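Please read the structure below before turning to the comments.
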Amino acid sequence: MSCHKAIEADTEIPSDLKTVLVAAVILVDRDGRILLAQRPEGKPLAGLWEFPGGKVEPGETPERALIRELAEELDIKTAPSCLAPLSFASHSYPSFHLLMPVYICRVWEGTPKALEGQNLAWVTSDKLDHYEMPPADLPLIPFIKDWV
């Protein structure tokens, strides 16, 4: 199979599939650990571990969405200048297509707290694949291991 044919097959999505823009951040502490949050019961993909973040609202940049989500979900503050673009994910779920810019952040104010009932875990990059994650996050793991 040629690379061109494989790319064509992966990019075909139903024309009525809505694209959802979500931003995520790899929070890295002074010890080089990464923060994961477990999706709480009652939410789609409950029980899976993910990088903090959330939907980008109309009129928001991904950076502003992350700043808002980090304050709402974890009670921490950061600035756009502390968010460095790292990668992105593009994944088709049955009911929507996810487009997710991913940033890395090593500077914030406060100590992350689970404000929405989610479990939190600080994980070294070599242990990321020990946590069950949403399909869109899985291709990011090798890339993160190379950068953190």
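Order determines the names: the first chain of the structure tokens is A, the second B, and so forth; residues in each chain are numbered 1 upward, and ligands are numbered 1 upward as they are shown.
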Compile the contact shell of A:Asp146 as a list in words: residues with an atom at most 12 Å away, counting only C-alpha atoms, same-chain residues fewer than 2 positions apart removed.
Leu86, Ser87, Ser125, Asp126, Leu140, Ile141, Pro142, Phe143, Ile144 and Val148 of chain A
If we count only C-alpha atoms and set the cut-off at 8 Å, which residues sit around A:Trp108, ignoring sequence neighbours fewer than 3 positions away in its own chain? Please answer as a tab-separated table (two decimals) with N, CA and C atoms, in the first residue's frame.
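Below is the file selection28.tsv, written as the result:
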```tsv
chain	number	residue	atom	x	y	z
A	76	ILE	N	-6.08	26.64	38.73
A	76	ILE	CA	-4.74	27.19	38.51
A	76	ILE	C	-4.83	28.26	37.44
A	77	LYS	N	-3.83	29.17	37.46
A	77	LYS	CA	-3.77	30.27	36.50
A	77	LYS	C	-2.47	30.18	35.71
A	78	THR	N	-2.60	30.50	34.44
A	78	THR	CA	-1.42	30.61	33.58
A	78	THR	C	-1.69	31.72	32.58
A	79	ALA	N	-0.73	31.97	31.72
A	79	ALA	CA	-0.85	33.05	30.73
A	79	ALA	C	-0.59	32.48	29.34
A	82	CYS	N	2.83	31.30	28.51
A	82	CYS	CA	3.30	30.08	29.15
A	82	CYS	C	2.85	28.82	28.42
A	105	CYS	N	2.88	23.24	29.02
A	105	CYS	CA	2.97	24.33	29.99
A	105	CYS	C	3.77	23.86	31.20
```
Could you give me, as a tab-separated table, every stretch 11-75 of chain A residue with an atom at most 12 Å from stretch 97-100 of chain A, plus its closest atom pair and distance in Å to one decimal, counting only C-alpha atoms, rows ordered by chain then number?
```
residue	atom	partner	partner_atom	distance
A:Thr11	CA	A:His97	CA	10.8
A:Glu12	CA	A:His97	CA	11.0
A:Ile13	CA	A:His97	CA	8.2
A:Pro14	CA	A:His97	CA	9.5
A:Ser15	CA	A:His97	CA	10.6
A:Asp16	CA	A:His97	CA	10.1
A:Leu17	CA	A:His97	CA	6.4
A:Lys18	CA	A:His97	CA	6.0
A:Thr19	CA	A:His97	CA	4.6
A:Val20	CA	A:Leu98	CA	5.1
A:Leu21	CA	A:Leu99	CA	5.1
A:Val22	CA	A:Met100	CA	4.8
A:Ala23	CA	A:Met100	CA	5.1
A:Ala24	CA	A:Met100	CA	6.7
A:Val25	CA	A:Met100	CA	9.9
A:Phe51	CA	A:Met100	CA	11.0
A:Pro52	CA	A:Met100	CA	11.7
A:Gly53	CA	A:Met100	CA	9.6
A:Gly54	CA	A:Met100	CA	9.2
A:Lys55	CA	A:Met100	CA	9.0
A:Val56	CA	A:Met100	CA	9.5
A:Pro62	CA	A:Met100	CA	8.9
A:Glu63	CA	A:Met100	CA	11.7
A:Ala65	CA	A:Met100	CA	11.8
A:Leu66	CA	A:Met100	CA	11.5
```
Limited to C-alpha atoms, could you put the picked residues into a file as a PDB file, in the first residue's frame?
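again.pdb was written with the following content:
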```pdb
ATOM      1  CA  THR A  11      -9.066  11.579   5.786  1.00  0.00           C
ATOM      2  CA  GLU A  12     -12.458  10.404   4.533  1.00  0.00           C
ATOM      3  CA  ILE A  13     -15.145  11.378   7.036  1.00  0.00           C
ATOM      4  CA  PRO A  14     -18.893  11.648   6.558  1.00  0.00           C
ATOM      5  CA  SER A  15     -19.867  15.086   5.266  1.00  0.00           C
ATOM      6  CA  ASP A  16     -22.427  15.506   8.061  1.00  0.00           C
ATOM      7  CA  LEU A  17     -19.922  14.798  10.857  1.00  0.00           C
ATOM      8  CA  LYS A  18     -19.522  17.929  12.978  1.00  0.00           C
ATOM      9  CA  THR A  19     -15.974  19.093  13.779  1.00  0.00           C
ATOM     10  CA  VAL A  20     -15.405  19.944  17.437  1.00  0.00           C
ATOM     11  CA  LEU A  21     -12.436  22.117  18.423  1.00  0.00           C
ATOM     12  CA  VAL A  22     -10.961  21.172  21.788  1.00  0.00           C
ATOM     13  CA  ALA A  23      -7.669  22.391  23.291  1.00  0.00           C
ATOM     14  CA  ALA A  24      -5.500  20.321  25.642  1.00  0.00           C
ATOM     15  CA  VAL A  25      -2.392  21.007  27.650  1.00  0.00           C
ATOM     16  CA  PHE A  51      -4.783  15.775  29.380  1.00  0.00           C
ATOM     17  CA  PRO A  52      -6.547  18.806  30.905  1.00  0.00           C
ATOM     18  CA  GLY A  53      -8.446  21.092  28.589  1.00  0.00           C
ATOM     19  CA  GLY A  54     -11.827  21.436  26.977  1.00  0.00           C
ATOM     20  CA  LYS A  55     -13.952  22.833  24.190  1.00  0.00           C
ATOM     21  CA  VAL A  56     -12.976  26.083  22.540  1.00  0.00           C
ATOM     22  CA  PRO A  62      -7.322  27.747  22.005  1.00  0.00           C
ATOM     23  CA  GLU A  63      -4.955  29.480  24.445  1.00  0.00           C
ATOM     24  CA  ALA A  65      -9.911  28.320  26.263  1.00  0.00           C
ATOM     25  CA  LEU A  66      -7.102  26.528  28.104  1.00  0.00           C
TER      26      LEU A  66
END
```
Name all residues at most 7 Å from A:Gln38 (count only C-alpha atoms; drop same-chain ones fewer than 2 positions away) and give them as a list of chain:residue names.
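My list of contacting residues is A:Leu36, A:Pro40, A:Gly47, A:Leu48, A:Trp49, A:Glu50, A:Gln118, A:Asn119, A:Leu120.
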Could you pull out the alpha helix (DSSP H) residues of chain A, going by DSSP on the backbone, and write them as a PDB file with C-alpha atoms, in the first residue's frame?
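The resulting file, selection_16.pdb, is reproduced below:
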```
ATOM      1  CA  CYS A   3       1.471   6.218   1.634  1.00  0.00           C
ATOM      2  CA  HIS A   4      -0.856   8.273  -0.572  1.00  0.00           C
ATOM      3  CA  LYS A   5      -3.621   5.629  -0.430  1.00  0.00           C
ATOM      4  CA  ALA A   6      -3.320   5.310   3.358  1.00  0.00           C
ATOM      5  CA  ILE A   7      -3.664   9.070   3.777  1.00  0.00           C
ATOM      6  CA  GLU A   8      -6.746   9.171   1.578  1.00  0.00           C
ATOM      7  CA  ALA A   9      -8.437   6.432   3.622  1.00  0.00           C
ATOM      8  CA  ASP A  10      -7.743   8.204   6.923  1.00  0.00           C
ATOM      9  CA  THR A  11      -9.066  11.579   5.786  1.00  0.00           C
ATOM     10  CA  PRO A  62      -7.322  27.747  22.005  1.00  0.00           C
ATOM     11  CA  GLU A  63      -4.955  29.480  24.445  1.00  0.00           C
ATOM     12  CA  ARG A  64      -7.785  31.465  26.072  1.00  0.00           C
ATOM     13  CA  ALA A  65      -9.911  28.320  26.263  1.00  0.00           C
ATOM     14  CA  LEU A  66      -7.102  26.528  28.104  1.00  0.00           C
ATOM     15  CA  ILE A  67      -6.639  29.395  30.545  1.00  0.00           C
ATOM     16  CA  ARG A  68     -10.392  29.338  31.268  1.00  0.00           C
ATOM     17  CA  GLU A  69     -10.573  25.539  31.535  1.00  0.00           C
ATOM     18  CA  LEU A  70      -7.531  25.328  33.831  1.00  0.00           C
ATOM     19  CA  ALA A  71      -9.114  27.870  36.185  1.00  0.00           C
ATOM     20  CA  GLU A  72     -12.541  26.153  36.103  1.00  0.00           C
ATOM     21  CA  GLU A  73     -11.353  22.545  36.374  1.00  0.00           C
ATOM     22  CA  LEU A  74      -8.088  22.757  38.331  1.00  0.00           C
ATOM     23  CA  LEU A 140       0.320  11.844  21.187  1.00  0.00           C
ATOM     24  CA  ILE A 141       2.062   9.607  23.744  1.00  0.00           C
ATOM     25  CA  PRO A 142       5.243   8.787  21.760  1.00  0.00           C
ATOM     26  CA  PHE A 143       5.569  12.437  20.753  1.00  0.00           C
ATOM     27  CA  ILE A 144       5.210  13.583  24.385  1.00  0.00           C
ATOM     28  CA  LYS A 145       7.787  11.028  25.538  1.00  0.00           C
ATOM     29  CA  ASP A 146      10.274  12.583  23.114  1.00  0.00           C
ATOM     30  CA  TRP A 147       9.642  16.142  24.356  1.00  0.00           C
TER      31      TRP A 147
END
```
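Proximity of A:Arg106, A:His91, A:Lys113, A:Arg39 to A:Glu132, computed with only C-alpha atoms, is greatest for A:Arg39.
Counting only C-alpha atoms and comparing A:Ala84, A:Met133, A:Leu35, A:Leu138, the residue that lies closest to A:Ile104 is A:Ala84.
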What is the atom CA of A:Thr124 to atom CA of A:Asp31 distance in Å?
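Atom CA of A:Asp31 lies at a distance of 8.6 Å from atom CA of A:Thr124.
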Looking only at the backbone, which of the residues in stretch 2-145 of chain A does DSSP tag as strand (DSSP E or B), as a count of residues only?
47
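The spacing separating atom CA of A:Leu128 from atom CA of A:Asp29 amounts to 14.9 Å.
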Counting only C-alpha atoms, the option among A:Asp75, A:Asp137, A:Glu41, A:Asp129 closest to A:Ala114:
A:Asp75
Between atom CA of A:Ser90 and atom CA of A:Ala136, what is the distance, to one decimal in Å?
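Rounded to one decimal, the two atoms are 6.7 Å apart.
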